[in-house]
>>> print(open('work.cif').read())   # mmCIF, N, CA and C atoms and all ligand atoms
data_run
loop_
_atom_site.group_PDB
_atom_site.id
_atom_site.type_symbol
_atom_site.label_atom_id
_atom_site.label_comp_id
_atom_site.auth_asym_id
_atom_site.auth_seq_id
_atom_site.Cartn_x
_atom_site.Cartn_y
_atom_site.Cartn_z
ATOM 1 N N MET A 1 14.775 -12.536 -6.873
ATOM 2 C CA MET A 1 13.319 -12.514 -6.987
ATOM 3 C C MET A 1 12.805 -11.130 -6.586
ATOM 4 N N GLY A 2 11.949 -10.548 -7.414
ATOM 5 C CA GLY A 2 11.412 -9.239 -7.104
ATOM 6 C C GLY A 2 10.057 -9.331 -6.412
ATOM 7 N N TRP A 3 9.565 -8.194 -6.045
ATOM 8 C CA TRP A 3 8.250 -8.158 -5.430
ATOM 9 C C TRP A 3 7.613 -6.815 -5.756
ATOM 10 N N ARG A 4 6.306 -6.795 -5.637
ATOM 11 C CA ARG A 4 5.583 -5.555 -5.930
ATOM 12 C C ARG A 4 4.335 -5.507 -5.066
ATOM 13 N N VAL A 5 3.785 -4.322 -4.972
ATOM 14 C CA VAL A 5 2.571 -4.148 -4.178
ATOM 15 C C VAL A 5 1.440 -3.746 -5.111
ATOM 16 N N VAL A 6 0.281 -4.328 -4.886
ATOM 17 C CA VAL A 6 -0.881 -4.022 -5.717
ATOM 18 C C VAL A 6 -2.055 -3.625 -4.814
ATOM 19 N N VAL A 7 -2.931 -2.808 -5.367
ATOM 20 C CA VAL A 7 -4.102 -2.337 -4.612
ATOM 21 C C VAL A 7 -5.375 -2.708 -5.356
ATOM 22 N N ASP A 8 -6.373 -3.103 -4.592
ATOM 23 C CA ASP A 8 -7.712 -3.302 -5.130
ATOM 24 C C ASP A 8 -8.456 -1.983 -4.923
ATOM 25 N N GLU A 9 -8.577 -1.207 -5.982
ATOM 26 C CA GLU A 9 -9.142 0.136 -5.851
ATOM 27 C C GLU A 9 -10.614 0.119 -5.463
ATOM 28 N N VAL A 10 -11.272 -0.992 -5.691
ATOM 29 C CA VAL A 10 -12.682 -1.098 -5.280
ATOM 30 C C VAL A 10 -12.771 -1.192 -3.754
ATOM 31 N N LEU A 11 -11.827 -1.918 -3.150
ATOM 32 C CA LEU A 11 -11.857 -2.103 -1.702
ATOM 33 C C LEU A 11 -11.328 -0.895 -0.939
ATOM 34 N N CYS A 12 -10.402 -0.152 -1.540
ATOM 35 C CA CYS A 12 -9.783 0.979 -0.838
ATOM 36 C C CYS A 12 -10.825 2.027 -0.484
ATOM 37 N N GLN A 13 -10.817 2.413 0.806
ATOM 38 C CA GLN A 13 -11.753 3.443 1.267
ATOM 39 C C GLN A 13 -11.023 4.652 1.836
ATOM 40 N N GLY A 14 -9.742 4.762 1.558
ATOM 41 C CA GLY A 14 -9.014 5.976 1.917
ATOM 42 C C GLY A 14 -8.732 6.160 3.390
ATOM 43 N N HIS A 15 -8.522 5.075 4.120
ATOM 44 C CA HIS A 15 -8.264 5.204 5.551
ATOM 45 C C HIS A 15 -6.863 5.726 5.866
ATOM 46 N N GLU A 16 -5.985 5.711 4.905
ATOM 47 C CA GLU A 16 -4.645 6.292 5.025
ATOM 48 C C GLU A 16 -3.701 5.544 5.946
ATOM 49 N N VAL A 17 -4.092 4.367 6.397
ATOM 50 C CA VAL A 17 -3.180 3.583 7.222
ATOM 51 C C VAL A 17 -1.904 3.266 6.435
ATOM 52 N N CYS A 18 -2.080 2.958 5.188
ATOM 53 C CA CYS A 18 -0.920 2.601 4.357
ATOM 54 C C CYS A 18 0.059 3.757 4.237
ATOM 55 N N GLU A 19 -0.453 4.961 4.043
ATOM 56 C CA GLU A 19 0.426 6.125 3.919
ATOM 57 C C GLU A 19 1.173 6.366 5.222
ATOM 58 N N ALA A 20 0.514 6.143 6.343
ATOM 59 C CA ALA A 20 1.169 6.322 7.631
ATOM 60 C C ALA A 20 2.289 5.307 7.822
ATOM 61 N N GLU A 21 2.085 4.095 7.356
ATOM 62 C CA GLU A 21 3.085 3.039 7.537
ATOM 63 C C GLU A 21 4.242 3.174 6.551
ATOM 64 N N ALA A 22 3.941 3.536 5.323
ATOM 65 C CA ALA A 22 4.980 3.583 4.283
ATOM 66 C C ALA A 22 4.725 4.787 3.365
ATOM 67 N N PRO A 23 5.050 5.979 3.849
ATOM 68 C CA PRO A 23 4.729 7.189 3.078
ATOM 69 C C PRO A 23 5.514 7.313 1.780
ATOM 70 N N GLY A 24 6.600 6.567 1.651
ATOM 71 C CA GLY A 24 7.347 6.619 0.401
ATOM 72 C C GLY A 24 6.735 5.771 -0.696
ATOM 73 N N VAL A 25 5.758 4.958 -0.329
ATOM 74 C CA VAL A 25 5.167 4.017 -1.281
ATOM 75 C C VAL A 25 3.706 4.360 -1.577
ATOM 76 N N PHE A 26 3.000 4.851 -0.557
ATOM 77 C CA PHE A 26 1.564 5.109 -0.713
ATOM 78 C C PHE A 26 1.244 6.585 -0.490
ATOM 79 N N GLU A 27 0.278 7.075 -1.257
ATOM 80 C CA GLU A 27 -0.212 8.435 -1.060
ATOM 81 C C GLU A 27 -1.721 8.415 -1.277
ATOM 82 N N VAL A 28 -2.436 8.981 -0.310
ATOM 83 C CA VAL A 28 -3.895 9.026 -0.432
ATOM 84 C C VAL A 28 -4.293 10.442 -0.847
ATOM 85 N N GLY A 29 -4.995 10.540 -1.950
ATOM 86 C CA GLY A 29 -5.367 11.837 -2.488
ATOM 87 C C GLY A 29 -6.669 12.356 -1.912
ATOM 88 N N THR A 30 -7.068 13.526 -2.384
ATOM 89 C CA THR A 30 -8.308 14.143 -1.909
ATOM 90 C C THR A 30 -9.542 13.351 -2.330
ATOM 91 N N ASP A 31 -9.341 12.431 -3.278
ATOM 92 C CA ASP A 31 -10.441 11.558 -3.692
ATOM 93 C C ASP A 31 -10.571 10.348 -2.765
ATOM 94 N N HIS A 32 -9.737 10.301 -1.720
ATOM 95 C CA HIS A 32 -9.763 9.217 -0.732
ATOM 96 C C HIS A 32 -9.462 7.861 -1.352
ATOM 97 N N LYS A 33 -8.608 7.873 -2.360
ATOM 98 C CA LYS A 33 -8.129 6.633 -2.955
ATOM 99 C C LYS A 33 -6.613 6.640 -2.905
ATOM 100 N N VAL A 34 -6.065 5.476 -2.639
ATOM 101 C CA VAL A 34 -4.614 5.385 -2.545
ATOM 102 C C VAL A 34 -3.989 5.375 -3.935
ATOM 103 N N ARG A 35 -2.822 6.003 -4.030
ATOM 104 C CA ARG A 35 -1.994 5.882 -5.224
ATOM 105 C C ARG A 35 -0.706 5.190 -4.810
ATOM 106 N N ILE A 36 -0.298 4.238 -5.615
ATOM 107 C CA ILE A 36 0.980 3.574 -5.379
ATOM 108 C C ILE A 36 2.058 4.431 -6.031
ATOM 109 N N LEU A 37 2.923 4.997 -5.221
ATOM 110 C CA LEU A 37 3.969 5.869 -5.756
ATOM 111 C C LEU A 37 5.041 5.043 -6.453
ATOM 112 N N ARG A 38 5.369 3.904 -5.883
ATOM 113 C CA ARG A 38 6.352 3.003 -6.488
ATOM 114 C C ARG A 38 5.868 1.572 -6.276
ATOM 115 N N ALA A 39 5.473 0.927 -7.348
ATOM 116 C CA ALA A 39 4.891 -0.412 -7.253
ATOM 117 C C ALA A 39 5.930 -1.472 -6.890
ATOM 118 N N GLU A 40 7.196 -1.131 -7.130
ATOM 119 C CA GLU A 40 8.271 -2.075 -6.789
ATOM 120 C C GLU A 40 9.220 -1.393 -5.816
ATOM 121 N N PRO A 41 8.834 -1.342 -4.551
ATOM 122 C CA PRO A 41 9.642 -0.627 -3.553
ATOM 123 C C PRO A 41 10.992 -1.308 -3.308
ATOM 124 N N ASP A 42 11.866 -0.559 -2.644
ATOM 125 C CA ASP A 42 13.171 -1.106 -2.269
ATOM 126 C C ASP A 42 12.993 -2.185 -1.198
ATOM 127 N N ALA A 43 13.969 -3.069 -1.130
ATOM 128 C CA ALA A 43 13.925 -4.133 -0.128
ATOM 129 C C ALA A 43 13.820 -3.568 1.285
ATOM 130 N N ALA A 44 14.447 -2.423 1.514
ATOM 131 C CA ALA A 44 14.432 -1.817 2.843
ATOM 132 C C ALA A 44 13.027 -1.385 3.261
ATOM 133 N N GLU A 45 12.121 -1.244 2.290
ATOM 134 C CA GLU A 45 10.763 -0.805 2.595
ATOM 135 C C GLU A 45 9.794 -1.968 2.778
ATOM 136 N N ARG A 46 10.303 -3.157 2.614
ATOM 137 C CA ARG A 46 9.429 -4.336 2.653
ATOM 138 C C ARG A 46 8.667 -4.434 3.980
ATOM 139 N N SER A 47 9.351 -4.254 5.089
ATOM 140 C CA SER A 47 8.673 -4.427 6.377
ATOM 141 C C SER A 47 7.590 -3.369 6.572
ATOM 142 N N ALA A 48 7.848 -2.141 6.109
ATOM 143 C CA ALA A 48 6.837 -1.085 6.230
ATOM 144 C C ALA A 48 5.629 -1.396 5.347
ATOM 145 N N VAL A 49 5.888 -1.917 4.154
ATOM 146 C CA VAL A 49 4.787 -2.265 3.253
ATOM 147 C C VAL A 49 3.996 -3.446 3.829
ATOM 148 N N GLU A 50 4.698 -4.381 4.444
ATOM 149 C CA GLU A 50 3.998 -5.510 5.073
ATOM 150 C C GLU A 50 3.048 -5.019 6.165
ATOM 151 N N LEU A 51 3.477 -4.015 6.928
ATOM 152 C CA LEU A 51 2.605 -3.463 7.965
ATOM 153 C C LEU A 51 1.397 -2.771 7.338
ATOM 154 N N ALA A 52 1.620 -2.080 6.231
ATOM 155 C CA ALA A 52 0.505 -1.432 5.528
ATOM 156 C C ALA A 52 -0.506 -2.468 5.059
ATOM 157 N N VAL A 53 -0.009 -3.559 4.507
ATOM 158 C CA VAL A 53 -0.889 -4.635 4.049
ATOM 159 C C VAL A 53 -1.658 -5.225 5.234
ATOM 160 N N LYS A 54 -0.944 -5.431 6.318
ATOM 161 C CA LYS A 54 -1.542 -6.068 7.498
ATOM 162 C C LYS A 54 -2.641 -5.206 8.114
ATOM 163 N N TYR A 55 -2.393 -3.892 8.158
ATOM 164 C CA TYR A 55 -3.301 -3.023 8.907
ATOM 165 C C TYR A 55 -4.301 -2.278 8.037
ATOM 166 N N CYS A 56 -4.238 -2.443 6.731
ATOM 167 C CA CYS A 56 -5.260 -1.816 5.875
ATOM 168 C C CYS A 56 -6.629 -2.349 6.312
ATOM 169 N N PRO A 57 -7.522 -1.478 6.744
ATOM 170 C CA PRO A 57 -8.803 -1.935 7.315
ATOM 171 C C PRO A 57 -9.664 -2.710 6.329
ATOM 172 N N THR A 58 -9.497 -2.465 5.042
ATOM 173 C CA THR A 58 -10.365 -3.119 4.065
ATOM 174 C C THR A 58 -9.631 -4.217 3.291
ATOM 175 N N HIS A 59 -8.407 -4.519 3.691
ATOM 176 C CA HIS A 59 -7.610 -5.565 3.029
ATOM 177 C C HIS A 59 -7.483 -5.309 1.525
ATOM 178 N N ALA A 60 -7.221 -4.052 1.207
ATOM 179 C CA ALA A 60 -7.147 -3.650 -0.201
ATOM 180 C C ALA A 60 -5.766 -3.849 -0.811
ATOM 181 N N LEU A 61 -4.773 -4.116 0.031
ATOM 182 C CA LEU A 61 -3.390 -4.208 -0.453
ATOM 183 C C LEU A 61 -2.883 -5.630 -0.393
ATOM 184 N N LYS A 62 -1.993 -5.965 -1.315
ATOM 185 C CA LYS A 62 -1.288 -7.238 -1.178
ATOM 186 C C LYS A 62 0.085 -7.133 -1.839
ATOM 187 N N ILE A 63 0.973 -7.957 -1.339
ATOM 188 C CA ILE A 63 2.319 -8.067 -1.895
ATOM 189 C C ILE A 63 2.352 -9.275 -2.806
ATOM 190 N N VAL A 64 2.919 -9.093 -3.993
ATOM 191 C CA VAL A 64 3.091 -10.195 -4.937
ATOM 192 C C VAL A 64 4.587 -10.432 -5.103
ATOM 193 N N ASP A 65 5.023 -11.631 -4.794
ATOM 194 C CA ASP A 65 6.423 -12.009 -5.020
ATOM 195 C C ASP A 65 6.541 -12.594 -6.407
ATOM 196 N N ASP A 66 7.363 -11.953 -7.226
ATOM 197 C CA ASP A 66 7.513 -12.403 -8.614
ATOM 198 C C ASP A 66 8.662 -13.399 -8.745
HETATM 199 S S1 LIG A 101 -5.077 1.716 4.228
HETATM 200 FE FE1 LIG A 101 -6.199 0.498 2.735
HETATM 201 S S2 LIG A 101 -8.195 1.466 2.566
HETATM 202 FE FE2 LIG A 101 -6.796 2.919 3.523
HETATM 203 S S3 LIG A 101 -5.973 4.155 1.822
HETATM 204 FE FE3 LIG A 101 -4.553 2.483 2.189
HETATM 205 S S4 LIG A 101 -5.220 0.883 0.767
HETATM 206 FE FE4 LIG A 101 -6.884 2.305 0.961
#
>>> encode(input="work.cif", output="structure tokens", more="lines below")
Ligand code: SF4
Amino acid sequence: MGWRVVVDEVLCQGHEVCEAEAPGVFEVGTDHKVRILRAEPDAAERSAVELAVKYCPTHALKIVDD
């Protein structure tokens, strides 16, 4: 079973918590919006992505298990 991370770009306010938690997956640009570098991260990155989802101040991120 795979999994992926999705962002609600309307909710994202560029707080960069996600990039701090999982810099290999998230990057916040000068426009203060997150970019998903890899929508289907490696299993080893799951815990870091979970922390990003948990601590995103605007709840803009979620993990989808396919
Ligand atoms: S932590 Fe949330 S609000 Fe901040 S850049 Fe990441 S997705 Fe956007």
>>> resolve_selection(input="work.cif", expression="the PyMOL selection byres (((chain A and resi 11) around 8) and not hetatm)", output="PDB file with N, CA and C atoms, in the frame of the given file")
ATOM      1  N   VAL A   7      -2.931  -2.808  -5.367  1.00  0.00           N
ATOM      2  CA  VAL A   7      -4.102  -2.337  -4.612  1.00  0.00           C
ATOM      3  C   VAL A   7      -5.375  -2.708  -5.356  1.00  0.00           C
ATOM      4  N   ASP A   8      -6.373  -3.103  -4.592  1.00  0.00           N
ATOM      5  CA  ASP A   8      -7.712  -3.302  -5.130  1.00  0.00           C
ATOM      6  C   ASP A   8      -8.456  -1.983  -4.923  1.00  0.00           C
ATOM      7  N   GLU A   9      -8.577  -1.207  -5.982  1.00  0.00           N
ATOM      8  CA  GLU A   9      -9.142   0.136  -5.851  1.00  0.00           C
ATOM      9  C   GLU A   9     -10.614   0.119  -5.463  1.00  0.00           C
ATOM     10  N   VAL A  10     -11.272  -0.992  -5.691  1.00  0.00           N
ATOM     11  CA  VAL A  10     -12.682  -1.098  -5.280  1.00  0.00           C
ATOM     12  C   VAL A  10     -12.771  -1.192  -3.754  1.00  0.00           C
ATOM     13  N   CYS A  12     -10.402  -0.152  -1.540  1.00  0.00           N
ATOM     14  CA  CYS A  12      -9.783   0.979  -0.838  1.00  0.00           C
ATOM     15  C   CYS A  12     -10.825   2.027  -0.484  1.00  0.00           C
ATOM     16  N   GLN A  13     -10.817   2.413   0.806  1.00  0.00           N
ATOM     17  CA  GLN A  13     -11.753   3.443   1.267  1.00  0.00           C
ATOM     18  C   GLN A  13     -11.023   4.652   1.836  1.00  0.00           C
ATOM     19  N   GLY A  14      -9.742   4.762   1.558  1.00  0.00           N
ATOM     20  CA  GLY A  14      -9.014   5.976   1.917  1.00  0.00           C
ATOM     21  C   GLY A  14      -8.732   6.160   3.390  1.00  0.00           C
ATOM     22  N   PRO A  57      -7.522  -1.478   6.744  1.00  0.00           N
ATOM     23  CA  PRO A  57      -8.803  -1.935   7.315  1.00  0.00           C
ATOM     24  C   PRO A  57      -9.664  -2.710   6.329  1.00  0.00           C
ATOM     25  N   THR A  58      -9.497  -2.465   5.042  1.00  0.00           N
ATOM     26  CA  THR A  58     -10.365  -3.119   4.065  1.00  0.00           C
ATOM     27  C   THR A  58      -9.631  -4.217   3.291  1.00  0.00           C
ATOM     28  N   HIS A  59      -8.407  -4.519   3.691  1.00  0.00           N
ATOM     29  CA  HIS A  59      -7.610  -5.565   3.029  1.00  0.00           C
ATOM     30  C   HIS A  59      -7.483  -5.309   1.525  1.00  0.00           C
ATOM     31  N   ALA A  60      -7.221  -4.052   1.207  1.00  0.00           N
ATOM     32  CA  ALA A  60      -7.147  -3.650  -0.201  1.00  0.00           C
ATOM     33  C   ALA A  60      -5.766  -3.849  -0.811  1.00  0.00           C
ATOM     34  N   LEU A  61      -4.773  -4.116   0.031  1.00  0.00           N
ATOM     35  CA  LEU A  61      -3.390  -4.208  -0.453  1.00  0.00           C
ATOM     36  C   LEU A  61      -2.883  -5.630  -0.393  1.00  0.00           C
TER      37      LEU A  61
END
>>> select_by_dssp(input="work.cif", residues="chain A", states="helix (DSSP H, G or I)", output="list in words")
Val17, Cys18, Glu19, Ala20, Glu21, Ala43, Ala44, Glu45, Arg46, Ser47, Ala48, Val49, Glu50, Leu51, Ala52, Val53, Lys54 and Tyr55 of chain A
>>> atom_distance(input="work.cif", atom1="CA of Ala22 in chain A", atom2="CA of Leu51 in chain A")
8.3 Å
>>> residues_around(input="work.cif", residues="range 43-50 of chain A", least_positions_apart="6", cutoff="12 Å", atoms="only C-alpha atoms", output="number ranges by chain")
A: 1-7, 17-26, 36, 56, 59, 61-65
>>> select_by_dssp(input="work.cif", residues="chain A", states="strand (DSSP E)", output="MDAnalysis selection string")
chainID A and resid 3:7 26:28 34:36 61:65
>>> axis_aligned_box(input="work.cif", around="ligand LIG 101 (chain A)", padding_each_side="4 Å", output="JSON")
{"center_x": -6.4, "center_y": 2.3, "center_z": 2.5, "size_x": 11.6, "size_y": 11.7, "size_z": 11.5}
>>> closest_residue(input="work.cif", among="A:Pro41, A:Thr30, A:Asp66, A:Arg35", to="ligand LIG 101 (chain A)", atoms="only N, CA and C atoms and all ligand atoms")
A:Arg35
>>> atom_distance(input="work.cif", atom1="atom N of Val28 in chain A", atom2="atom C of His15 in chain A")
8.3 Å
